[in-house]
Every structure is written in structure tokens, then in C-alpha cells.
>>> print(open('run-v3.txt').read())   # compact mmCIF, C-alpha atoms
# COMPACT_ATOMS: atom_id res chain seq x y z
CA MET A 992 -69.57 2.48 -10.41
CA SER A 993 -67.51 -0.26 -11.94
CA LYS A 994 -64.62 1.96 -12.96
CA LYS A 995 -61.88 1.39 -10.45
CA SER A 996 -58.69 3.35 -10.61
CA THR A 997 -55.49 1.28 -10.71
CA PRO A 998 -54.13 0.79 -7.26
CA GLY A 999 -50.91 2.65 -6.55
CA LEU A 1000 -47.79 0.54 -6.71
CA ASN A 1001 -46.04 0.12 -3.48
CA THR A 1002 -42.77 1.84 -4.17
CA SER A 1003 -41.47 2.13 -0.65
CA SER A 1004 -38.98 -0.67 -1.19
CA MET A 1005 -37.68 1.08 -4.28
CA SER A 1006 -35.73 3.47 -2.12
CA ASP A 1007 -34.22 0.55 -0.25
CA ILE A 1008 -33.04 -0.95 -3.50
CA SER A 1009 -31.50 2.28 -4.68
CA PHE A 1010 -29.89 2.76 -1.29
CA LEU A 1011 -28.33 -0.63 -1.69
CA LEU A 1012 -26.98 0.34 -5.10
CA LEU A 1013 -25.69 3.61 -3.73
CA ALA A 1014 -23.91 1.86 -0.89
CA PHE A 1015 -22.38 -0.60 -3.33
CA PHE A 1016 -20.98 2.15 -5.53
CA LEU A 1017 -19.69 4.04 -2.54
CA MET A 1018 -17.77 0.93 -1.53
CA VAL A 1019 -16.22 -0.01 -4.84
CA SER A 1020 -15.30 3.46 -6.03
CA ASN A 1021 -12.94 6.04 -4.76
CA ILE A 1022 -12.93 9.76 -5.28
CA ASN A 1023 -9.27 9.97 -5.96
CA THR A 1024 -7.87 12.94 -7.67
CA ASP A 1025 -4.35 11.81 -8.27
CA MET A 1026 -2.10 14.79 -7.80
CA GLY A 1027 1.60 15.02 -8.25
CA ILE A 1028 4.48 16.23 -10.38
CA ALA A 1029 5.02 14.87 -13.88
CA ARG A 1030 8.56 14.30 -15.07
CA ARG A 1031 10.27 12.85 -18.12
CA LEU A 1032 13.15 10.47 -17.68
CA PRO A 1033 16.09 10.78 -20.04
CA PRO A 1034 16.24 7.99 -22.63
CA PRO A 1035 18.73 5.17 -22.00
CA LEU A 1036 22.24 6.20 -22.98
CA PRO A 1037 24.17 4.44 -25.72
CA PRO A 1038 27.26 2.67 -24.30
CA ASP A 1039 29.76 4.95 -26.06
CA PHE A 1040 28.10 8.13 -24.86
CA THR A 1041 30.32 10.92 -23.56
CA PRO A 1042 28.53 13.65 -21.66
CA PRO A 1043 28.76 17.09 -23.26
CA GLU A 1044 30.97 19.65 -21.62
CA VAL A 1045 28.91 22.10 -19.62
CA ARG A 1046 30.50 25.24 -18.28
CA GLU A 1047 30.53 25.62 -14.58
CA ARG A 1048 28.54 28.84 -14.65
CA ASN A 1049 25.70 26.96 -16.36
CA ILE A 1050 25.29 24.41 -13.60
CA PHE A 1051 23.41 24.83 -10.37
CA GLN A 1052 24.18 21.90 -8.16
CA VAL A 1053 21.66 20.64 -5.66
CA LYS A 1054 22.72 17.73 -3.51
CA ILE A 1055 20.79 15.91 -0.83
CA ASN A 1056 22.70 13.68 1.53
CA ARG A 1057 21.50 10.65 3.42
CA ASN A 1058 20.55 12.73 6.44
CA ASP A 1059 18.22 14.77 4.21
CA ARG A 1060 20.46 17.83 4.43
CA ILE A 1061 20.43 19.96 1.32
CA LEU A 1062 23.43 21.55 -0.33
CA PHE A 1063 23.16 24.08 -3.10
CA ASN A 1064 25.60 26.63 -4.46
CA LYS A 1065 28.29 24.65 -2.61
CA GLU A 1066 26.87 25.52 0.78
CA VAL A 1067 24.41 23.87 3.10
CA GLY A 1068 21.14 25.71 2.84
CA ASP A 1069 17.59 25.57 3.99
CA ILE A 1070 14.92 24.34 1.61
CA SER A 1071 12.98 27.60 1.98
CA LEU A 1072 15.77 29.44 0.14
CA LEU A 1073 16.01 26.94 -2.69
CA LYS A 1074 13.21 28.35 -4.80
CA ASP A 1075 14.56 31.90 -4.87
CA ARG A 1076 18.11 30.71 -5.57
CA ALA A 1077 16.91 28.56 -8.44
CA LYS A 1078 14.93 31.49 -9.85
CA GLU A 1079 17.91 33.77 -9.58
CA PHE A 1080 20.07 31.18 -11.32
CA LEU A 1081 17.69 30.39 -14.17
CA GLY A 1082 16.58 33.98 -14.70
CA ASN A 1083 19.94 35.74 -14.40
CA PRO A 1084 18.19 39.12 -14.75
CA GLN A 1085 21.36 41.22 -14.52
CA ASP A 1086 23.34 39.06 -16.97
CA ARG A 1087 26.02 38.36 -14.41
CA ASP A 1088 29.16 36.51 -15.42
CA ASP A 1089 28.88 33.81 -12.79
CA LEU A 1090 25.31 32.91 -13.72
CA PRO A 1091 24.26 31.00 -16.85
CA GLN A 1092 24.66 32.16 -20.39
CA LYS A 1093 21.69 32.85 -22.57
CA GLU A 1094 21.02 31.94 -26.14
CA VAL A 1095 18.61 33.99 -28.22
CA ILE A 1096 16.09 31.69 -29.85
CA ASN A 1097 13.19 32.65 -32.07
CA ILE A 1098 10.01 31.33 -30.48
CA PRO A 1099 6.63 31.64 -32.19
CA LEU A 1100 4.32 34.15 -30.45
CA LEU A 1101 7.20 35.43 -28.33
CA GLY A 1102 9.75 36.47 -30.92
CA ASN A 1103 13.43 36.44 -30.05
CA TYR A 1104 13.84 35.45 -26.46
CA PRO A 1105 17.08 34.83 -24.56
CA VAL A 1106 16.69 31.25 -23.30
CA SER A 1107 18.88 30.41 -20.34
CA LYS A 1108 21.42 27.63 -20.84
CA GLY A 1109 21.41 26.89 -17.13
CA VAL A 1110 20.86 23.38 -15.90
CA ILE A 1111 19.92 22.39 -12.39
CA SER A 1112 21.84 19.28 -11.46
CA LEU A 1113 20.10 17.30 -8.77
CA GLN A 1114 21.94 14.57 -6.98
CA ASN A 1115 20.69 12.52 -4.08
CA ASP A 1116 22.03 9.73 -1.97
CA ARG A 1117 20.56 6.26 -1.83
CA GLY A 1118 19.69 6.99 1.77
CA THR A 1119 17.80 10.20 1.06
CA SER A 1120 14.14 9.94 1.97
CA TYR A 1121 11.60 10.23 -0.80
CA ASP A 1122 9.85 12.95 1.15
CA THR A 1123 12.87 15.27 1.04
CA TYR A 1124 13.57 14.43 -2.57
CA PHE A 1125 10.01 15.28 -3.46
CA ARG A 1126 10.06 18.55 -1.56
CA VAL A 1127 13.21 19.59 -3.44
CA GLN A 1128 11.56 18.67 -6.73
CA ASN A 1129 8.55 20.67 -5.61
CA GLU A 1130 10.64 23.76 -4.86
CA LEU A 1131 12.41 23.55 -8.22
CA THR A 1132 9.07 23.15 -9.97
CA ALA A 1133 7.76 26.12 -8.02
CA ALA A 1134 10.70 28.21 -9.25
CA ILE A 1135 10.01 27.28 -12.87
CA ASN A 1136 6.26 27.79 -12.51
CA GLU A 1137 6.74 31.23 -11.00
CA MET A 1138 9.11 32.26 -13.76
CA ARG A 1139 6.66 31.07 -16.38
CA ASP A 1140 3.89 32.97 -14.70
CA GLU A 1141 5.95 36.15 -14.57
CA LEU A 1142 6.89 35.88 -18.23
CA SER A 1143 3.30 35.21 -19.17
CA ARG A 1144 2.09 38.29 -17.31
CA GLU A 1145 4.80 40.39 -18.91
CA LYS A 1146 4.22 39.23 -22.50
CA PHE A 1147 0.56 38.32 -22.61
CA ASN A 1148 -0.82 40.23 -19.58
CA ARG A 1149 -2.42 37.08 -18.26
CA PRO A 1150 -1.44 34.46 -15.70
CA TYR A 1151 0.09 31.31 -17.13
CA LYS A 1152 -2.82 29.09 -16.17
CA ASP A 1153 -5.28 31.16 -18.23
CA LEU A 1154 -3.28 30.85 -21.45
CA ASP A 1155 -4.32 28.58 -24.30
CA GLN A 1156 -2.14 25.66 -25.33
CA ASP A 1157 -0.17 27.48 -28.06
CA HIS A 1158 0.82 30.29 -25.74
CA LYS A 1159 1.68 27.82 -23.01
CA ASP A 1160 3.94 25.93 -25.40
CA ALA A 1161 5.72 29.16 -26.29
CA ILE A 1162 6.34 29.95 -22.62
CA ASP A 1163 7.45 26.38 -21.96
CA LYS A 1164 9.99 26.74 -24.73
CA ALA A 1165 11.29 30.00 -23.29
CA ILE A 1166 11.61 28.55 -19.78
CA PRO A 1167 12.22 24.81 -20.08
CA VAL A 1168 12.31 22.37 -17.20
CA ALA A 1169 16.09 22.13 -17.04
CA ILE A 1170 16.59 19.62 -14.26
CA SER A 1171 19.18 16.94 -14.72
CA GLU A 1172 19.41 14.08 -12.30
CA ALA A 1173 22.73 12.47 -11.64
CA GLU A 1174 23.17 8.86 -10.60
CA PRO A 1175 22.66 8.64 -6.85
CA LYS A 1176 25.64 8.24 -4.57
CA ASN A 1177 25.88 5.57 -1.98
CA THR A 1178 27.61 7.02 1.03
CA GLY A 1179 25.42 5.36 3.59
CA GLY A 1180 26.42 1.88 2.48
CA THR A 1181 22.84 0.69 2.78
CA LYS A 1182 20.89 -0.71 -0.06
CA MET B 932 -80.16 -0.11 9.35
CA ALA B 933 -77.59 0.34 11.90
CA ARG B 934 -75.40 3.31 11.63
CA PHE B 935 -71.91 2.92 12.73
CA LYS B 936 -70.21 5.72 14.37
CA GLN B 937 -66.98 6.57 12.62
CA LYS B 938 -63.99 5.65 14.67
CA ASN B 939 -61.88 8.49 15.81
CA ASP B 940 -58.44 6.78 16.15
CA LYS B 941 -57.10 7.26 12.64
CA GLY B 942 -53.38 6.95 13.36
CA THR B 943 -50.71 8.87 11.50
CA PRO B 944 -51.09 8.78 7.71
CA ALA B 945 -48.39 6.93 5.79
CA LEU B 946 -45.64 9.09 4.37
CA ASN B 947 -45.45 9.25 0.61
CA MET B 948 -42.27 7.46 -0.22
CA GLY B 949 -42.66 7.72 -3.98
CA SER B 950 -40.08 10.45 -4.51
CA MET B 951 -37.61 8.95 -2.06
CA SER B 952 -36.24 6.58 -4.63
CA ASP B 953 -35.78 9.44 -7.10
CA ILE B 954 -33.68 11.31 -4.61
CA ILE B 955 -31.55 8.28 -3.86
CA PHE B 956 -31.12 7.57 -7.54
CA MET B 957 -29.93 11.10 -8.03
CA LEU B 958 -27.34 10.57 -5.31
CA LEU B 959 -26.34 7.29 -6.90
CA PHE B 960 -25.75 8.85 -10.31
CA PHE B 961 -23.86 11.70 -8.74
CA PHE B 962 -21.45 9.29 -7.08
CA MET B 963 -21.17 7.14 -10.17
CA VAL B 964 -20.12 10.13 -12.22
CA ILE B 965 -17.57 11.65 -9.86
CA THR B 966 -15.85 8.45 -8.80
CA THR B 967 -13.68 5.89 -10.48
CA MET B 968 -13.53 2.19 -9.80
CA ARG B 969 -10.99 1.09 -7.25
CA GLU B 970 -8.53 -0.98 -9.17
CA SER B 971 -6.75 -3.06 -6.64
CA SER B 972 -6.44 -3.13 -2.92
CA LEU B 973 -3.19 -1.91 -1.48
CA PHE B 974 -0.93 -4.24 0.45
CA VAL B 975 1.39 -1.43 1.40
CA LYS B 976 0.92 1.63 3.54
CA ILE B 977 1.40 4.86 1.63
CA THR B 978 1.49 8.36 3.02
CA PRO B 979 2.50 10.38 -0.02
CA PRO B 980 4.68 13.46 0.37
CA LYS B 981 3.08 16.88 0.19
CA GLY B 982 3.74 19.54 -2.38
CA SER B 983 2.35 22.88 -3.46
CA GLU B 984 3.06 22.56 -7.18
CA VAL B 985 1.14 19.38 -7.83
CA THR B 986 -1.02 19.02 -10.92
CA LYS B 987 -3.80 16.62 -11.74
CA LEU B 988 -3.00 13.35 -13.41
CA GLU B 989 -4.77 13.35 -16.76
CA LYS B 990 -6.13 10.36 -18.65
CA LYS B 991 -6.55 7.69 -16.01
CA SER B 992 -6.69 4.93 -18.61
CA LEU B 993 -3.10 5.65 -19.63
CA VAL B 994 -1.66 5.37 -16.15
CA SER B 995 -0.06 2.42 -14.41
CA TYR B 996 0.72 2.58 -10.76
CA ILE B 997 3.86 1.53 -8.96
CA ASN B 998 3.12 1.49 -5.25
CA ILE B 999 5.99 1.52 -2.80
CA GLY B 1000 5.71 1.36 0.95
CA VAL B 1001 5.94 -0.72 4.09
CA PRO B 1002 3.51 -3.70 4.01
CA GLN B 1003 0.31 -3.16 5.97
CA ASP B 1004 0.07 -4.60 9.44
CA SER B 1005 -1.89 -7.64 8.38
CA TYR B 1006 0.71 -8.52 5.73
CA THR B 1007 3.91 -8.01 7.71
CA ALA B 1008 4.13 -11.73 8.46
CA LYS B 1009 4.05 -12.49 4.76
CA TYR B 1010 6.06 -9.64 3.27
CA GLY B 1011 8.21 -8.37 6.14
CA THR B 1012 8.58 -4.85 7.43
CA GLU B 1013 10.91 -3.42 4.80
CA PRO B 1014 9.42 -1.24 2.01
CA ARG B 1015 8.15 -3.34 -0.88
CA ILE B 1016 6.90 -2.65 -4.37
CA GLN B 1017 3.36 -3.47 -5.36
CA LEU B 1018 2.54 -3.81 -9.04
CA ASP B 1019 -1.15 -4.29 -9.78
CA ASP B 1020 -2.22 -6.61 -7.01
CA GLN B 1021 0.94 -8.40 -6.13
CA ILE B 1022 4.15 -7.65 -4.29
CA ALA B 1023 7.09 -7.60 -6.67
CA ASP B 1024 10.81 -6.90 -6.84
CA VAL B 1025 12.68 -4.24 -8.75
CA ALA B 1026 13.65 -6.85 -11.33
CA ASP B 1027 9.97 -7.49 -12.15
CA ILE B 1028 9.39 -3.94 -13.31
CA ARG B 1029 10.68 -4.42 -16.82
CA GLN B 1030 8.25 -7.27 -17.38
CA PHE B 1031 5.46 -5.21 -15.85
CA VAL B 1032 6.18 -2.36 -18.27
CA GLU B 1033 6.09 -4.74 -21.23
CA LEU B 1034 2.81 -6.20 -20.02
CA GLU B 1035 1.22 -2.80 -19.54
CA LYS B 1036 2.40 -1.65 -22.96
CA SER B 1037 1.18 -4.73 -24.76
CA SER B 1038 -2.27 -4.44 -23.23
CA ARG B 1039 -2.72 -1.07 -24.95
CA SER B 1040 -2.72 -0.01 -28.55
CA GLU B 1041 0.45 1.07 -30.33
CA GLU B 1042 -0.05 4.82 -29.97
CA ASP B 1043 -1.44 4.58 -26.45
CA SER B 1044 1.59 2.66 -25.24
CA GLN B 1045 3.75 5.64 -26.18
CA LEU B 1046 1.67 7.86 -23.93
CA LEU B 1047 1.64 5.50 -20.99
CA THR B 1048 2.57 7.18 -17.72
CA PHE B 1049 3.95 5.33 -14.75
CA ALA B 1050 2.82 6.91 -11.52
CA ILE B 1051 5.21 6.33 -8.66
CA LYS B 1052 3.08 6.27 -5.56
CA ALA B 1053 5.56 6.02 -2.77
CA ASP B 1054 5.53 6.56 0.94
CA GLY B 1055 7.47 9.61 2.10
CA LYS B 1056 9.78 7.50 4.26
CA VAL B 1057 10.95 5.23 1.45
CA LYS B 1058 14.64 5.64 0.69
CA MET B 1059 15.63 7.07 -2.67
CA GLY B 1060 17.87 4.09 -3.42
CA MET B 1061 14.83 1.99 -4.14
CA ILE B 1062 13.16 4.68 -6.20
CA SER B 1063 16.34 5.31 -8.19
CA ASP B 1064 16.52 1.61 -9.00
CA ILE B 1065 12.93 1.71 -10.20
CA LYS B 1066 13.61 4.78 -12.32
CA GLN B 1067 16.61 3.08 -13.88
CA GLU B 1068 14.48 0.04 -14.71
CA LEU B 1069 11.82 2.25 -16.25
CA ARG B 1070 14.47 4.00 -18.32
CA ALA B 1071 15.86 0.69 -19.49
CA ALA B 1072 12.36 -0.39 -20.50
CA SER B 1073 11.97 3.01 -22.25
CA ALA B 1074 8.99 4.00 -20.15
CA LEU B 1075 10.02 7.61 -19.81
CA LYS B 1076 6.87 9.37 -18.68
CA ILE B 1077 6.68 9.23 -14.93
CA PHE B 1078 4.63 10.93 -12.30
CA TYR B 1079 5.42 11.44 -8.62
CA ASN B 1080 2.20 11.09 -6.67
CA ALA B 1081 1.70 13.56 -3.86
CA SER B 1082 -1.01 15.34 -1.98
CA ARG B 1083 -1.64 19.02 -2.24
CA GLU B 1084 -0.50 21.41 0.42
CA ALA B 1085 -0.86 25.16 0.41
CA ARG B 1086 2.35 27.13 0.23
CA LYS B 1087 3.41 28.53 3.56
>>> encode(input="run-v3.txt", output="C-alpha cells")
Amino acid sequence: MSKKSTPGLNTSSMSDISFLLLAFFLMVSNINTDMGIARRLPPPLPPDFTPPEVRERNIFQVKINRNDRILFNKEVGDISLLKDRAKEFLGNPQDRDDLPQKEVINIPLLGNYPVSKGVISLQNDRGTSYDTYFRVQNELTAAINEMRDELSREKFNRPYKDLDQDHKDAIDKAIPVAISEAEPKNTGGTK
Amino acid sequence: MARFKQKNDKGTPALNMGSMSDIIFMLLFFFMVITTMRESSLFVKITPPKGSEVTKLEKKSLVSYINIGVPQDSYTAKYGTEPRIQLDDQIADVADIRQFVELEKSSRSEEDSQLLTFAIKADGKVKMGMISDIKQELRAASALKIFYNASREARK
């Protein structure tokens, strides 16, 4: 009996080593799913730029003052109403005279679609808190997202999030993100 | 020939630890896959606002962060108690943003620099004056893709 089997390696410290590695990676990494709202800033204006005339019926003014109070449709309103007002303004389902005009544009996959000429004008004060500003942006985004979803269900019988990129682009063209941000006012006098 | 009586006190047998390391390695790989490296430590306190319409930020490699908030307690002596801007790992002023944009753009390839997104990670209590200034600087530096960081909240 000279044939000895190889002795088993002592692997108990292996787990300690891998634990150490695990702990290291847990420390240096973070599970962050960055969430938020993407926006596009307008390009810098040339010095001789004159803003185009926009009819009053095509503008929906949203103002936030330095006390975080919100004004839309020329009256102080609660943020919970903002989404429905914005939808009513952008959609203009009954083609009312005091709500925005529409322009029929030929969009691939959708055909001729009346695209609203309405623009939401958002103006805040230098003293407005970022939190309120963001919640207003969120409500306006919610209005646009809901309208896109409704249109998608009507035309393609599917929710917007299940569409492929081409169909999404068509819907995006029909309901654009029409939010214009004015230069902030400085009524508070603080920097 | 003496015969020895076998002892009866055997003790508990050793546990087989061979598969332990496999399990831990599995955990390790799991964490390595789902996480990203922490890029820089924050000097400022940030409690982002909450929103229901938030979407995921795509393509982490094409994102630069602009952190805005009140300096953390251990840094108040150095940076004060007013909201400050943190670019990469240093506290900066609004005027430094243009240079920061140039730096971030030049560190990426030509076509990638067009797709670069600047994520504004600001505390909810920061005043909009500061953020407007930053947005104006970004516009002037023609960095037009921005992203407002927030955390998700279900719609009431």
C-alpha cells in the first residue's frame, strides 16, 4: 500500500479571502440608479435675436414666486391642479378659441395629425426653491407623458412604454415637450 | 500485542468549508455586476427632490455631475454653510463651470462630447437663482443636455 491519495487542500481560508474581496467591492461601489428628468436647454441666442411673436392663446404661463406659490392661468393655484390644466391647454380637445391653435403636420406612422402650437412658459424667481421648481417640472412632464400615453393607446392600441423607437418618435413629434423657460426674476433681492 | 481500546470522545467533525468560497464568490460577482464604482466622495449634503415622472439616466460614461448643496457638517468650517457647487472632487464657483465643461468635453471623443449630459444633482432646498446661473453657464458653454436628478415617488 504505497499509493497515497493527495491530501485535500485546506480551503477554509479561501472563503475568508473572498469575503474580504466582497467587503471591498461593497465599500467602493454604489448601487445608484440615477433617476430624474432629462431636459434640453435652448442654444445660446445671437445678440440681435428678437423673440418671435406668439399669440396669447398659445401661451400657458406658469410662474413660481419666491415663497414657492404657484400661479397659472393668471390665478394662484394648487400644484395638484397643474397637470390637468396643462393637459387641457395642450390637448384643446374641443378646439376652443381661447386655447392654442393647431397645425396639421404629416407624421410618419401617424398620418396627418393636428399638432398643438401651445407653449408652456415657465418662470421662476431666484428665490424659488429647487424642490418646488422640480415638482412643477414633474407635473408638466406628467401631463405630457399622459397625453402621449393616451395617443399611443388610441392609435396603436398599446401603452407608450411598450412602443418601439420609431413609434415613440412619431408620438413625440405629435406631442412635443413644449416648455419654455423665461429668465428668472429677482423680486426677493437675494442672490 | 496490546490492543488499544478505541477512544470514544470523537468531538464534532469539521464542517466542509469547500463550497463556502464558491458561494461567497457568487455573491461577489453579483455585486460587481450590479454596482458601479463610486466616483468621488461628496462634500455637500444632497437630498434630491422627489418626482413621479423620473426616468433612468442612460449611459453613465457620458454623464458629468454637478452637485449642489450645503457643505457637510465636517466641512462647514472650510466651505461655510451656504449652498456650494461641487464639480468632480472639489468645491467650485459658478464661474468655474465653463472650464469644467470644456475639460469634460475634451476628455471624450468628438462624437461622445456631443452626447455629454450634465446631471444637476441638487438639494431640494437650494434656491433657483443658483441653478439658473448654472444653467446659463451651461448654455453659454453649449452643453445643452441636462438632467435633473431626483428620487422616485409614487403618484398620490
>>> atom_distance(input="run-v3.txt", atom1="atom CA of Asp1024 of chain B", atom2="atom CA of Leu1032 of chain A")
20.6 Å
>>> residues_around(input="run-v3.txt", residues="Ile1098 of chain A", least_positions_apart="4", cutoff="12 Å", atoms="all atoms listed in the file", output="mmCIF file with C-alpha atoms, in the coordinates of the input")
data_model
loop_
_atom_site.group_PDB
_atom_site.id
_atom_site.type_symbol
_atom_site.label_atom_id
_atom_site.label_comp_id
_atom_site.auth_asym_id
_atom_site.auth_seq_id
_atom_site.Cartn_x
_atom_site.Cartn_y
_atom_site.Cartn_z
ATOM 1 C CA GLU A 1094 21.020 31.940 -26.140
ATOM 2 C CA GLY A 1102 9.750 36.470 -30.920
ATOM 3 C CA ASN A 1103 13.430 36.440 -30.050
ATOM 4 C CA TYR A 1104 13.840 35.450 -26.460
ATOM 5 C CA PRO A 1105 17.080 34.830 -24.560
ATOM 6 C CA VAL A 1106 16.690 31.250 -23.300
ATOM 7 C CA ASP A 1157 -0.170 27.480 -28.060
ATOM 8 C CA HIS A 1158 0.820 30.290 -25.740
ATOM 9 C CA LYS A 1159 1.680 27.820 -23.010
ATOM 10 C CA ASP A 1160 3.940 25.930 -25.400
ATOM 11 C CA ALA A 1161 5.720 29.160 -26.290
ATOM 12 C CA ILE A 1162 6.340 29.950 -22.620
ATOM 13 C CA ASP A 1163 7.450 26.380 -21.960
ATOM 14 C CA LYS A 1164 9.990 26.740 -24.730
ATOM 15 C CA ALA A 1165 11.290 30.000 -23.290
ATOM 16 C CA ILE A 1166 11.610 28.550 -19.780
#
>>> closest_atom_pairs(input="run-v3.txt", of="chain B", to="chain A", cutoff="8 Å", atoms="only C-alpha atoms", output="JSON lines")
{"residue": "B:Met948", "atom": "CA", "partner": "A:Ser1003", "partner_atom": "CA", "distance": 5.4}
{"residue": "B:Gly949", "atom": "CA", "partner": "A:Thr1002", "partner_atom": "CA", "distance": 5.9}
{"residue": "B:Met951", "atom": "CA", "partner": "A:Ser1006", "partner_atom": "CA", "distance": 5.8}
{"residue": "B:Ser952", "atom": "CA", "partner": "A:Ser1006", "partner_atom": "CA", "distance": 4.0}
{"residue": "B:Asp953", "atom": "CA", "partner": "A:Ser1006", "partner_atom": "CA", "distance": 7.8}
{"residue": "B:Ile955", "atom": "CA", "partner": "A:Ser1009", "partner_atom": "CA", "distance": 6.1}
{"residue": "B:Phe956", "atom": "CA", "partner": "A:Ser1009", "partner_atom": "CA", "distance": 6.0}
{"residue": "B:Leu958", "atom": "CA", "partner": "A:Leu1013", "partner_atom": "CA", "distance": 7.3}
{"residue": "B:Leu959", "atom": "CA", "partner": "A:Leu1013", "partner_atom": "CA", "distance": 4.9}
{"residue": "B:Phe962", "atom": "CA", "partner": "A:Leu1017", "partner_atom": "CA", "distance": 7.2}
{"residue": "B:Met963", "atom": "CA", "partner": "A:Phe1016", "partner_atom": "CA", "distance": 6.8}
{"residue": "B:Ile965", "atom": "CA", "partner": "A:Ile1022", "partner_atom": "CA", "distance": 6.8}
{"residue": "B:Thr966", "atom": "CA", "partner": "A:Ile1022", "partner_atom": "CA", "distance": 4.8}
{"residue": "B:Thr967", "atom": "CA", "partner": "A:Ser1020", "partner_atom": "CA", "distance": 5.3}
{"residue": "B:Met968", "atom": "CA", "partner": "A:Ser1020", "partner_atom": "CA", "distance": 4.4}
{"residue": "B:Arg969", "atom": "CA", "partner": "A:Ser1020", "partner_atom": "CA", "distance": 5.1}
{"residue": "B:Pro979", "atom": "CA", "partner": "A:Asp1122", "partner_atom": "CA", "distance": 7.9}
{"residue": "B:Pro980", "atom": "CA", "partner": "A:Asp1122", "partner_atom": "CA", "distance": 5.3}
{"residue": "B:Lys981", "atom": "CA", "partner": "A:Arg1126", "partner_atom": "CA", "distance": 7.4}
{"residue": "B:Gly982", "atom": "CA", "partner": "A:Asn1129", "partner_atom": "CA", "distance": 5.9}
{"residue": "B:Ser983", "atom": "CA", "partner": "A:Asn1129", "partner_atom": "CA", "distance": 6.9}
{"residue": "B:Glu984", "atom": "CA", "partner": "A:Ala1133", "partner_atom": "CA", "distance": 6.0}
{"residue": "B:Val985", "atom": "CA", "partner": "A:Gly1027", "partner_atom": "CA", "distance": 4.4}
{"residue": "B:Thr986", "atom": "CA", "partner": "A:Met1026", "partner_atom": "CA", "distance": 5.4}
{"residue": "B:Lys987", "atom": "CA", "partner": "A:Met1026", "partner_atom": "CA", "distance": 4.7}
{"residue": "B:Leu988", "atom": "CA", "partner": "A:Asp1025", "partner_atom": "CA", "distance": 5.5}
{"residue": "B:Ala1053", "atom": "CA", "partner": "A:Tyr1121", "partner_atom": "CA", "distance": 7.6}
{"residue": "B:Asp1054", "atom": "CA", "partner": "A:Tyr1121", "partner_atom": "CA", "distance": 7.3}
{"residue": "B:Gly1055", "atom": "CA", "partner": "A:Asp1122", "partner_atom": "CA", "distance": 4.2}
{"residue": "B:Lys1056", "atom": "CA", "partner": "A:Ser1120", "partner_atom": "CA", "distance": 5.5}
{"residue": "B:Val1057", "atom": "CA", "partner": "A:Tyr1121", "partner_atom": "CA", "distance": 5.5}
{"residue": "B:Lys1058", "atom": "CA", "partner": "A:Ser1120", "partner_atom": "CA", "distance": 4.5}
{"residue": "B:Met1059", "atom": "CA", "partner": "A:Arg1117", "partner_atom": "CA", "distance": 5.1}
{"residue": "B:Gly1060", "atom": "CA", "partner": "A:Arg1117", "partner_atom": "CA", "distance": 3.8}
{"residue": "B:Met1061", "atom": "CA", "partner": "A:Arg1117", "partner_atom": "CA", "distance": 7.5}
{"residue": "B:Ile1062", "atom": "CA", "partner": "A:Tyr1121", "partner_atom": "CA", "distance": 7.9}
{"residue": "B:Ser1063", "atom": "CA", "partner": "A:Pro1175", "partner_atom": "CA", "distance": 7.3}
{"residue": "B:Lys1066", "atom": "CA", "partner": "A:Leu1032", "partner_atom": "CA", "distance": 7.8}
{"residue": "B:Arg1070", "atom": "CA", "partner": "A:Pro1035", "partner_atom": "CA", "distance": 5.7}
{"residue": "B:Ala1071", "atom": "CA", "partner": "A:Pro1035", "partner_atom": "CA", "distance": 5.9}
{"residue": "B:Ser1073", "atom": "CA", "partner": "A:Pro1034", "partner_atom": "CA", "distance": 6.6}
{"residue": "B:Leu1075", "atom": "CA", "partner": "A:Leu1032", "partner_atom": "CA", "distance": 4.7}
{"residue": "B:Lys1076", "atom": "CA", "partner": "A:Arg1031", "partner_atom": "CA", "distance": 4.9}
{"residue": "B:Ile1077", "atom": "CA", "partner": "A:Arg1030", "partner_atom": "CA", "distance": 5.4}
{"residue": "B:Phe1078", "atom": "CA", "partner": "A:Ala1029", "partner_atom": "CA", "distance": 4.3}
{"residue": "B:Tyr1079", "atom": "CA", "partner": "A:Ile1028", "partner_atom": "CA", "distance": 5.2}
{"residue": "B:Asn1080", "atom": "CA", "partner": "A:Gly1027", "partner_atom": "CA", "distance": 4.3}
{"residue": "B:Ala1081", "atom": "CA", "partner": "A:Gly1027", "partner_atom": "CA", "distance": 4.6}
{"residue": "B:Ser1082", "atom": "CA", "partner": "A:Met1026", "partner_atom": "CA", "distance": 5.9}
{"residue": "B:Arg1083", "atom": "CA", "partner": "A:Met1026", "partner_atom": "CA", "distance": 7.0}
>>> closest_residue(input="run-v3.txt", among="A:Arg1048, A:Thr997, A:Pro1167, A:Glu1066", to="Arg1087 of chain A", atoms="all atoms listed in the file")
A:Arg1048
>>> atom_distance(input="run-v3.txt", atom1="atom CA of Ser1037 of chain B", atom2="atom CA of Asp1020 of chain B")
18.2 Å
>>> atom_distance(input="run-v3.txt", atom1="atom CA of Ala1023 of chain B", atom2="atom CA of Val1001 of chain B")
12.8 Å
>>> closest_residue(input="run-v3.txt", among="A:Thr1041, A:Ala1169, A:Arg1046, A:Glu1141", to="Asp1088 of chain A", atoms="all atoms listed in the file")
A:Arg1046
>>> residues_around(input="run-v3.txt", residues="Glu1013 of chain B", least_positions_apart="5", cutoff="9 Å", atoms="all atoms listed in the file", output="ChimeraX atom specification")
/B:1000-1002,1007
>>> residues_around(input="run-v3.txt", residues="Gln1052 of chain A", least_positions_apart="3", cutoff="8 Å", atoms="only C-alpha atoms", output="PDB file with C-alpha atoms, in the frame of the given file")
ATOM      1  CA  LEU A1062      23.430  21.550  -0.330  1.00  0.00           C
ATOM      2  CA  PHE A1063      23.160  24.080  -3.100  1.00  0.00           C
ATOM      3  CA  ASN A1064      25.600  26.630  -4.460  1.00  0.00           C
ATOM      4  CA  LYS A1065      28.290  24.650  -2.610  1.00  0.00           C
ATOM      5  CA  ILE A1111      19.920  22.390 -12.390  1.00  0.00           C
ATOM      6  CA  SER A1112      21.840  19.280 -11.460  1.00  0.00           C
ATOM      7  CA  LEU A1113      20.100  17.300  -8.770  1.00  0.00           C
ATOM      8  CA  GLN A1114      21.940  14.570  -6.980  1.00  0.00           C
TER       9      GLN A1114
END
>>> axis_aligned_box(input="run-v3.txt", around="segment 1031-1040 of chain B", padding_each_side="4 Å", output="JSON")
{"center_x": 1.7, "center_y": -3.1, "center_z": -22.2, "size_x": 16.9, "size_y": 14.2, "size_z": 20.7}
>>> closest_residue(input="run-v3.txt", among="B:Leu1046, B:Val964, B:Met957, B:Ile1065", to="Phe1031 of chain B", atoms="all atoms listed in the file")
B:Ile1065
>>> closest_residue(input="run-v3.txt", among="B:Ala1026, B:Ile997, B:Phe974, B:Arg1086", to="Thr1012 of chain B", atoms="only C-alpha atoms")
B:Phe974
>>> closest_residue(input="run-v3.txt", among="B:Val1025, B:Ala945, B:Leu1018, B:Val1032", to="Tyr996 of chain B", atoms="all atoms listed in the file")
B:Leu1018
